Each structure stands twice: as C-alpha cells, then as structure tokens.
Amino acid sequence: MKKNKLILFAFVLCGAAVFAQEEDGDKQCLVNISLFNESAKNKQYADAYTPWLAAYGECPDANRAIYQRGREILQWKFTQLKTAEEFNETLKLMMEMYDKRIQYFGEDPRYPTPWILGIKALDYVTYQQDEKLKPTAYEWFVKSIDALGKESEIPVLTEFFKLSAAMYKADKETHGEKFITDYLKISDLLDKQANDPENKNAAFSAQWKQAIDYEFVQSGAAECTTLDEVYAKKVAENLENLEYLNNVLAFYRMTGCTDQDVYFMAAEAAHKIEPTEGSALALAQMSYTKRKNYEEAINYYQQATDLTENNIDKADHQYKIAFVYYNDLKNYQRARDYARNALKFNPNRGDAYLLIGFMYAASKIYDDPVLAKSVYWAAVDKFIQAKNADSDPENVASANRYIASYSQYFPSKEDIFFHPDLTDGGSFTVGGWIGETTRVREK
C-alpha cells in the first residue's frame, strides 16, 4: 500500500510540473504577443520580429494578431534580405503563415478562409520572383473572389486581373477565354462596388474600373478578330448551351463586334433554342449588314416586334423594317405601311413622318408638270407632322429644314391660276400610291 501511495504521489508531482510548464509557456506566449504587437504598432519591426517568430512557432492558435501583425512584419523583413536563399525562406514562411491562419482562424466571420486566400495570392504575386506567371496564385485568387464577390478587397481584384492579363499575353490560345471571363467578372464587381452607396472606397473602385477597362482594350482581347479566334471553336461546341451562347452574345455586343460571323452563329443557335427580342435583333442586323438578305432581315425585325411588350421598342423595330423597304428594296408603299405601324406604337416618332415625307417627295405620280408638284404638298405635310410630334431637337431642326427646302418646289401662283382644278388653300387628293388629301399651296 505504501508503495502505491508513493507512485500516486510521483504522478501528481509530474502532472503539476507539466501544468506549471504549460502555464509558463502560455505566459511567455502572451508576453511575446504583447511585445511584437506593441513594436509593430509603432512600426518598430526589427524589435517585433523575434518575439513574433517565437509566438508564431510556439502558440500559433493563441491570437489572430500573430497573423495580422505577421504580415506587416514579414513585409518589412523582405526589405532587409540580401540573398535569394533568405528571400525564398521568408516567402515560404509567409505562405505557411497563411496556411496556419486558415487552419486556426479560417472560420473567422470577418476574415474567413476566402479572404485569407486572396491576401495570400496577393503577397505571392508580389514577392515570388522565380515564377513568372504564378498559376498557383491564380487559383487562390479565383477561390477567393468567387466566394467573396463584391466584398473582395480592391487590390485582390486588380492584381488578379493583372495576373490574368499576363497569362493571356503569354498564351493567348489557352488563356484567351479565361482572360475575357476574368475581365467581365472583375469589371462587374468593381462596378458594383463603385455604385454601392455604403462603400467608403467607391471612388477608388470607380477609378480602377476605368483602369482595367483601358488595360483590357490595350490587351487586344477586345478586337473583333481576336474574339473570333477565342470563341469560334467554343461556340461551335456549345450550340445547345443557351447560357453560354447568351454570355457570348452579350460580350460581342459590349465590344461592338456584332458584325462577326461567330456572333451570328451564336445568335442563330440561341434563337433556335429560345427566341427572344435580343436574338431576333442580332439576326436581323447580321442578315442586313453581313448577308445583305433584306427579306430575312425584315422577318427577324418582325419577330423582334412580336417578342417584346414594349411599344417604344416595337416602334423602333417597325421603323427599321420601313427603312429596309425604303432604302434597299425601293418599295415605298410597303415602307409607308411599316412607318405607319411605328407611329401606331409610338405617335411621337418624328423620323417615321420624315421617312414618309421623303418617299412622297421622291414619287412621280403625274405627267402634268404642275400636278407633279402636288407630291411636295403631301411631303411637307409629313414634315410638319414630324416637327409637331417629336421633341428631339435634331428631328425638329431637320423637319424645319425640309419644310423650307421642299416648299420651294410648290407650284407658283401662275401655275395655280392656269390650272382651274387647283385653288390656293383648297383641298387636293394626291393620286397614285400616295392617296393623301392635302392643301393646295403656292410658293
């Protein structure tokens, strides 16, 4: 029994010793944290480095300050290094520090794992000198930005874009579509930040948005031929993927590349899957400008009209049909039908009246030289209607100019005097396809 008591007593003493050591270790950890935190706060990083390294090694889960101040201290450390070996060791330490932060503090609601990955990637691209394109950092950036969205730090967003641009420059064939996707993503997030009234850094986001827009244009990726090189094969492989096709169409429209064959291919495929006003318009424009197939263009403009509930847009589509009939098919009567349709949907559409007036003025209805001038009365009537209907200063100015110009072609007083069926101020119905009743006027 005595022997058992001695053994038990020995265990108690041993446990007390271990506990004392742990307590001493905890106290020393707190001391080190206090030392490096105070020194770093005063930017005395040389004094902070040793106690920080001790705390980081001995109690990495003790306090988030180990990682917050650790980044500052290691950034200072990089400025003090003289050899490549020291540089690589410090970079390795920094990357390991981020991994441990994720291990011990990755669930922090304010600075969660995605945020840590973003900062890790940011420092990696800053300090890694041996790896030119840094694909590892690219993946960290993607995970961070996809998780945080517009809550991402501005430097994380912009450095990710720069890295993607460098990767595109090095390998356009492989990274082309990714670069375009990355640009659209970052541009959208910066735009959301810039328009967030609660974001105190909104002005900086707006400035960076402009900067990356400029850099994207300068990269050459926004050139229409480059887009075709990037998307031709991809679109051909995704002719039944509506989401993908719509994304491609939106980007082509944004860059003004709507005359490209790839754009037409994507629009045609998307329209077959799910006809929309947008896809119909894309096809109409391509049919008109690229194929010179005017009947096909008219068909698609009519589909666009039928696929929208907005009367202003309906008027626009009908006017375009009228213009095709007028300008390309030289069918004035059909052109007038569609111009009138446009006015039914939007009575304030002055350009529709102007178009009808042009067609009246260009028509040859009578062989009689005096009656032949009656088309100008009908034309000026339309120009007056355009002026009264439209508040657009440009259309009003055009209408006034045409009224003054075409009024000069009215019959003279002598012409009317020697034409007994005409009375100044009286009514007159212009024949032929025009069929409009107007008022007799002399110039």
# chains A, B, ... in the order shown; residues from 1 in each chain; ligands from 1
call {"tool": "residues_around", "arguments": {"residues": "range 140-154 of chain A", "least_positions_apart": "4", "cutoff": "10 Å", "atoms": "only C-alpha atoms", "output": "ChimeraX atom specification"}}
result
/A:112-122,124,135-136,158-161,163,182,185-186,188-194,196,199,201-202,204-205,208
call {"tool": "select_by_dssp", "arguments": {"residues": "range 315-391 of chain A", "states": "helix (DSSP H, G or I)", "output": "ChimeraX atom specification"}}
result
/A:315-327,332-345,350-361,371-389
call {"tool": "residues_around", "arguments": {"residues": "range 377-387 of chain A", "least_positions_apart": "5", "cutoff": "6 Å", "atoms": "only C-alpha atoms", "output": "PDB file with C-alpha atoms, in the first residue's frame"}}
result
ATOM      1  CA  GLY A 350     -40.844  62.064 -85.862  1.00  0.00           C
ATOM      2  CA  TYR A 353     -43.093  61.025 -90.568  1.00  0.00           C
ATOM      3  CA  LEU A 354     -39.860  62.268 -92.131  1.00  0.00           C
ATOM      4  CA  GLY A 357     -42.271  62.672 -96.467  1.00  0.00           C
ATOM      5  CA  TYR A 360     -43.715  61.318-101.173  1.00  0.00           C
ATOM      6  CA  ALA A 361     -41.258  63.925-102.428  1.00  0.00           C
ATOM      7  CA  VAL A 396     -37.288  69.248 -85.164  1.00  0.00           C
ATOM      8  CA  ALA A 399     -38.136  68.953 -90.146  1.00  0.00           C
ATOM      9  CA  ILE A 403     -40.144  72.242 -94.834  1.00  0.00           C
ATOM     10  CA  THR A 438     -53.624  67.750 -98.818  1.00  0.00           C
TER      11      THR A 438
END
call {"tool": "closest_atom_pairs", "arguments": {"of": "range 180-239 of chain A", "to": "range 165-171 of chain A", "cutoff": "9 Å", "atoms": "only C-alpha atoms", "output": "Markdown table"}}
result
| residue | atom | partner | partner_atom | distance |
| --- | --- | --- | --- | --- |
| A:Tyr183 | CA | A:Ala165 | CA | 8.7 |
| A:Glu215 | CA | A:Ala165 | CA | 8.6 |
| A:Phe216 | CA | A:Ala165 | CA | 8.0 |
| A:Ser219 | CA | A:Ala165 | CA | 7.5 |
| A:Ala221 | CA | A:Tyr168 | CA | 8.8 |
call {"tool": "write_last_selection", "arguments": {"atoms": "N, CA and C atoms", "output": "short mmCIF file (atom, residue, chain, number, x, y, z; two decimals), in the first residue's frame"}}
result
data_model
loop_
_atom_site.label_atom_id
_atom_site.label_comp_id
_atom_site.auth_asym_id
_atom_site.auth_seq_id
_atom_site.Cartn_x
_atom_site.Cartn_y
_atom_site.Cartn_z
N TYR A 183 -11.97 39.31 -66.97
CA TYR A 183 -12.20 40.75 -67.13
C TYR A 183 -13.66 41.09 -66.83
N GLU A 215 -6.96 48.84 -69.82
CA GLU A 215 -5.97 47.77 -69.99
C GLU A 215 -6.53 46.63 -70.84
N PHE A 216 -7.80 46.35 -70.67
CA PHE A 216 -8.41 45.27 -71.46
C PHE A 216 -8.41 45.63 -72.94
N SER A 219 -5.01 45.31 -74.36
CA SER A 219 -4.51 43.93 -74.47
C SER A 219 -4.77 43.33 -75.84
N ALA A 221 -7.52 41.86 -76.62
CA ALA A 221 -8.52 40.80 -76.49
C ALA A 221 -9.91 41.27 -76.92
#
call {"tool": "closest_residue", "arguments": {"among": "A:Gly256, A:Ser407, A:Tyr45, A:Gly57", "to": "Arg71 in chain A", "atoms": "only C-alpha atoms"}}
result
A:Tyr45
call {"tool": "residues_around", "arguments": {"residues": "Gln44 in chain A", "least_positions_apart": "2", "cutoff": "12 Å", "atoms": "only C-alpha atoms", "output": "list in words"}}
result
Leu35, Phe36, Asn37, Glu38, Ser39, Ala40, Lys41, Asn42, Ala46, Asp47, Ala48, Tyr49, Thr50, Arg69, Glu72, Ile73, Trp76 and Lys77 of chain A
call {"tool": "closest_atom_pairs", "arguments": {"of": "range 82-194 of chain A", "to": "range 232-246 of chain A", "cutoff": "12 Å", "atoms": "only C-alpha atoms", "output": "CSV"}}
result
residue,atom,partner,partner_atom,distance
A:Glu173,CA,A:Lys233,CA,11.3
A:Thr174,CA,A:Lys234,CA,12.0
A:Gly176,CA,A:Lys234,CA,11.3
A:Glu177,CA,A:Lys234,CA,9.1
A:Thr181,CA,A:Tyr244,CA,11.4
call {"tool": "atom_distance", "arguments": {"atom1": "CA of Ala266 in chain A", "atom2": "CA of Tyr288 in chain A"}}
result
16.6 Å
call {"tool": "residues_around", "arguments": {"residues": "Met286 in chain A", "least_positions_apart": "3", "cutoff": "12 Å", "atoms": "only C-alpha atoms", "output": "list of chain:residue names"}}
result
A:Cys257, A:Thr258, A:Asp259, A:Gln260, A:Asp261, A:Val262, A:Tyr263, A:Phe264, A:Met265, A:Ala266, A:Ala267, A:Glu268, A:Ser279, A:Ala280, A:Leu281, A:Ala282, A:Leu283, A:Thr289, A:Lys290, A:Arg291, A:Lys292, A:Asn293, A:Tyr294, A:Glu296, A:Ala297, A:Ile298, A:Tyr300, A:Tyr301
call {"tool": "write_last_selection", "arguments": {"atoms": "C-alpha atoms", "output": "PDB file, in the first residue's frame"}}
result
ATOM      1  CA  CYS A 257     -18.398  43.211 -82.630  1.00  0.00           C
ATOM      2  CA  THR A 258     -21.896  42.415 -83.845  1.00  0.00           C
ATOM      3  CA  ASP A 259     -20.873  42.077 -87.495  1.00  0.00           C
ATOM      4  CA  GLN A 260     -18.773  38.988 -86.844  1.00  0.00           C
ATOM      5  CA  ASP A 261     -19.675  35.539 -88.162  1.00  0.00           C
ATOM      6  CA  VAL A 262     -19.208  33.992 -84.726  1.00  0.00           C
ATOM      7  CA  TYR A 263     -21.720  36.448 -83.267  1.00  0.00           C
ATOM      8  CA  PHE A 264     -24.205  35.472 -85.961  1.00  0.00           C
ATOM      9  CA  MET A 265     -23.598  31.756 -85.339  1.00  0.00           C
ATOM     10  CA  ALA A 266     -24.194  32.190 -81.592  1.00  0.00           C
ATOM     11  CA  ALA A 267     -27.289  34.342 -82.152  1.00  0.00           C
ATOM     12  CA  GLU A 268     -28.789  31.876 -84.604  1.00  0.00           C
ATOM     13  CA  SER A 279     -31.574  37.258 -80.504  1.00  0.00           C
ATOM     14  CA  ALA A 280     -34.040  38.286 -83.227  1.00  0.00           C
ATOM     15  CA  LEU A 281     -32.427  41.732 -83.395  1.00  0.00           C
ATOM     16  CA  ALA A 282     -28.956  40.212 -83.612  1.00  0.00           C
ATOM     17  CA  LEU A 283     -30.051  38.043 -86.506  1.00  0.00           C
ATOM     18  CA  THR A 289     -25.311  44.136 -92.826  1.00  0.00           C
ATOM     19  CA  LYS A 290     -23.464  40.892 -93.442  1.00  0.00           C
ATOM     20  CA  ARG A 291     -25.646  38.775 -95.696  1.00  0.00           C
ATOM     21  CA  LYS A 292     -27.455  41.591 -97.470  1.00  0.00           C
ATOM     22  CA  ASN A 293     -30.514  39.374 -97.193  1.00  0.00           C
ATOM     23  CA  TYR A 294     -33.160  42.051 -96.764  1.00  0.00           C
ATOM     24  CA  GLU A 296     -34.561  37.728 -93.931  1.00  0.00           C
ATOM     25  CA  ALA A 297     -33.746  40.902 -92.002  1.00  0.00           C
ATOM     26  CA  ILE A 298     -37.367  42.028 -92.258  1.00  0.00           C
ATOM     27  CA  TYR A 300     -36.275  38.881 -87.905  1.00  0.00           C
ATOM     28  CA  TYR A 301     -37.271  42.508 -87.186  1.00  0.00           C
TER      29      TYR A 301
END
call {"tool": "closest_residue", "arguments": {"among": "A:Met97, A:Phe428, A:Asp26, A:Leu184", "to": "Leu53 in chain A", "atoms": "only C-alpha atoms"}}
result
A:Met97
call {"tool": "closest_residue", "arguments": {"among": "A:Asp421, A:Asn310, A:Gln28, A:Tyr376", "to": "Tyr402 in chain A", "atoms": "only C-alpha atoms"}}
result
A:Tyr376
call {"tool": "atom_distance", "arguments": {"atom1": "CA of Phe87 in chain A", "atom2": "CA of Tyr104 in chain A"}}
result
25.8 Å
call {"tool": "atom_distance", "arguments": {"atom1": "CA of Asn88 in chain A", "atom2": "CA of Gln103 in chain A"}}
result
22.6 Å
call {"tool": "residues_around", "arguments": {"residues": "Arg349 in chain A", "least_positions_apart": "6", "cutoff": "7 Å", "atoms": "only C-alpha atoms", "output": "PyMOL selection string"}}
result
chain A and resi 343+389-390
call {"tool": "write_last_selection", "arguments": {"atoms": "N, CA and C atoms", "output": "compact mmCIF listing (two decimals), in the first residue's frame"}}
result
# COMPACT_ATOMS: atom_id res chain seq x y z
N LEU A 343 -45.68 54.42 -86.01
CA LEU A 343 -46.40 55.55 -85.41
C LEU A 343 -47.58 55.10 -84.56
N ALA A 389 -44.73 66.31 -83.73
CA ALA A 389 -44.81 65.08 -82.94
C ALA A 389 -43.58 64.85 -82.08
N ASP A 390 -42.43 65.29 -82.56
CA ASP A 390 -41.16 64.90 -81.95
C ASP A 390 -40.56 66.04 -81.15
call {"tool": "decode", "arguments": {"residues": "range 72-113 of chain A", "atoms": "N, CA and C atoms", "output": "compact mmCIF listing (two decimals), in the first residue's frame"}}
result
# COMPACT_ATOMS: atom_id res chain seq x y z
N GLU A 72 2.61 42.31 -41.70
CA GLU A 72 3.38 43.56 -41.68
C GLU A 72 4.86 43.29 -41.42
N ILE A 73 5.11 42.42 -40.44
CA ILE A 73 6.49 42.14 -40.04
C ILE A 73 7.26 41.46 -41.17
N LEU A 74 6.61 40.50 -41.84
CA LEU A 74 7.29 39.81 -42.93
C LEU A 74 7.47 40.71 -44.15
N GLN A 75 6.52 41.60 -44.39
CA GLN A 75 6.70 42.56 -45.48
C GLN A 75 7.91 43.45 -45.22
N TRP A 76 8.10 43.82 -43.96
CA TRP A 76 9.32 44.57 -43.60
C TRP A 76 10.54 43.69 -43.78
N LYS A 77 10.44 42.42 -43.40
CA LYS A 77 11.57 41.51 -43.47
C LYS A 77 12.09 41.40 -44.90
N PHE A 78 11.19 41.40 -45.87
CA PHE A 78 11.61 41.31 -47.27
C PHE A 78 12.52 42.47 -47.66
N THR A 79 12.31 43.62 -47.06
CA THR A 79 13.13 44.79 -47.40
C THR A 79 14.54 44.68 -46.82
N GLN A 80 14.75 43.74 -45.90
CA GLN A 80 16.05 43.62 -45.23
C GLN A 80 16.91 42.48 -45.80
N LEU A 81 16.34 41.69 -46.67
CA LEU A 81 17.03 40.50 -47.15
C LEU A 81 18.08 40.83 -48.20
N LYS A 82 19.13 40.03 -48.23
CA LYS A 82 20.24 40.30 -49.15
C LYS A 82 20.51 39.14 -50.12
N THR A 83 20.07 37.95 -49.79
CA THR A 83 20.36 36.81 -50.66
C THR A 83 19.06 36.17 -51.14
N ALA A 84 19.15 35.49 -52.27
CA ALA A 84 18.00 34.79 -52.83
C ALA A 84 17.53 33.69 -51.87
N GLU A 85 18.46 33.05 -51.19
CA GLU A 85 18.10 32.00 -50.25
C GLU A 85 17.26 32.55 -49.11
N GLU A 86 17.67 33.68 -48.57
CA GLU A 86 16.90 34.32 -47.50
C GLU A 86 15.51 34.72 -48.00
N PHE A 87 15.48 35.21 -49.21
CA PHE A 87 14.22 35.64 -49.80
C PHE A 87 13.26 34.47 -49.93
N ASN A 88 13.75 33.36 -50.45
CA ASN A 88 12.90 32.17 -50.63
C ASN A 88 12.43 31.61 -49.30
N GLU A 89 13.30 31.63 -48.29
CA GLU A 89 12.92 31.14 -46.97
C GLU A 89 11.81 31.99 -46.36
N THR A 90 11.95 33.30 -46.54
CA THR A 90 10.94 34.21 -45.97
C THR A 90 9.61 34.06 -46.70
N LEU A 91 9.66 33.88 -48.03
CA LEU A 91 8.43 33.67 -48.78
C LEU A 91 7.75 32.38 -48.34
N LYS A 92 8.54 31.34 -48.15
CA LYS A 92 7.99 30.07 -47.68
C LYS A 92 7.33 30.24 -46.32
N LEU A 93 7.99 30.99 -45.43
CA LEU A 93 7.43 31.26 -44.11
C LEU A 93 6.11 32.01 -44.22
N MET A 94 6.07 32.99 -45.12
CA MET A 94 4.84 33.79 -45.29
C MET A 94 3.69 32.91 -45.79
N MET A 95 3.95 32.05 -46.78
CA MET A 95 2.90 31.19 -47.30
C MET A 95 2.42 30.20 -46.24
N GLU A 96 3.36 29.65 -45.46
CA GLU A 96 2.99 28.74 -44.38
C GLU A 96 2.16 29.47 -43.33
N MET A 97 2.49 30.73 -43.11
CA MET A 97 1.74 31.52 -42.13
C MET A 97 0.27 31.62 -42.55
N TYR A 98 0.02 31.83 -43.85
CA TYR A 98 -1.37 31.91 -44.32
C TYR A 98 -2.07 30.56 -44.17
N ASP A 99 -1.36 29.48 -44.41
CA ASP A 99 -1.96 28.15 -44.25
C ASP A 99 -2.35 27.91 -42.80
N LYS A 100 -1.49 28.33 -41.87
CA LYS A 100 -1.80 28.16 -40.44
C LYS A 100 -2.96 29.07 -40.03
N ARG A 101 -3.01 30.25 -40.61
CA ARG A 101 -4.14 31.14 -40.29
C ARG A 101 -5.45 30.50 -40.73
N ILE A 102 -5.43 29.88 -41.90
CA ILE A 102 -6.63 29.17 -42.35
C ILE A 102 -6.95 28.03 -41.40
N GLN A 103 -5.92 27.31 -40.94
CA GLN A 103 -6.11 26.18 -40.04
C GLN A 103 -6.75 26.61 -38.72
N TYR A 104 -6.25 27.69 -38.14
CA TYR A 104 -6.69 28.08 -36.80
C TYR A 104 -7.78 29.16 -36.80
N PHE A 105 -7.80 29.99 -37.84
CA PHE A 105 -8.75 31.12 -37.83
C PHE A 105 -9.56 31.21 -39.13
N GLY A 106 -9.64 30.11 -39.87
CA GLY A 106 -10.35 30.13 -41.15
C GLY A 106 -11.85 30.34 -41.03
N GLU A 107 -12.40 30.13 -39.84
CA GLU A 107 -13.84 30.30 -39.63
C GLU A 107 -14.18 31.70 -39.12
N ASP A 108 -13.17 32.55 -39.00
CA ASP A 108 -13.41 33.92 -38.54
C ASP A 108 -14.43 34.59 -39.46
N PRO A 109 -15.56 35.07 -38.93
CA PRO A 109 -16.60 35.65 -39.80
C PRO A 109 -16.15 36.91 -40.53
N ARG A 110 -15.22 37.65 -39.93
CA ARG A 110 -14.78 38.89 -40.57
C ARG A 110 -13.70 38.64 -41.60
N TYR A 111 -12.80 37.72 -41.30
CA TYR A 111 -11.70 37.40 -42.22
C TYR A 111 -11.66 35.88 -42.45
N PRO A 112 -12.62 35.36 -43.20
CA PRO A 112 -12.71 33.91 -43.38
C PRO A 112 -11.66 33.39 -44.37
N THR A 113 -11.68 32.10 -44.59
CA THR A 113 -10.70 31.46 -45.48
C THR A 113 -10.61 32.12 -46.86
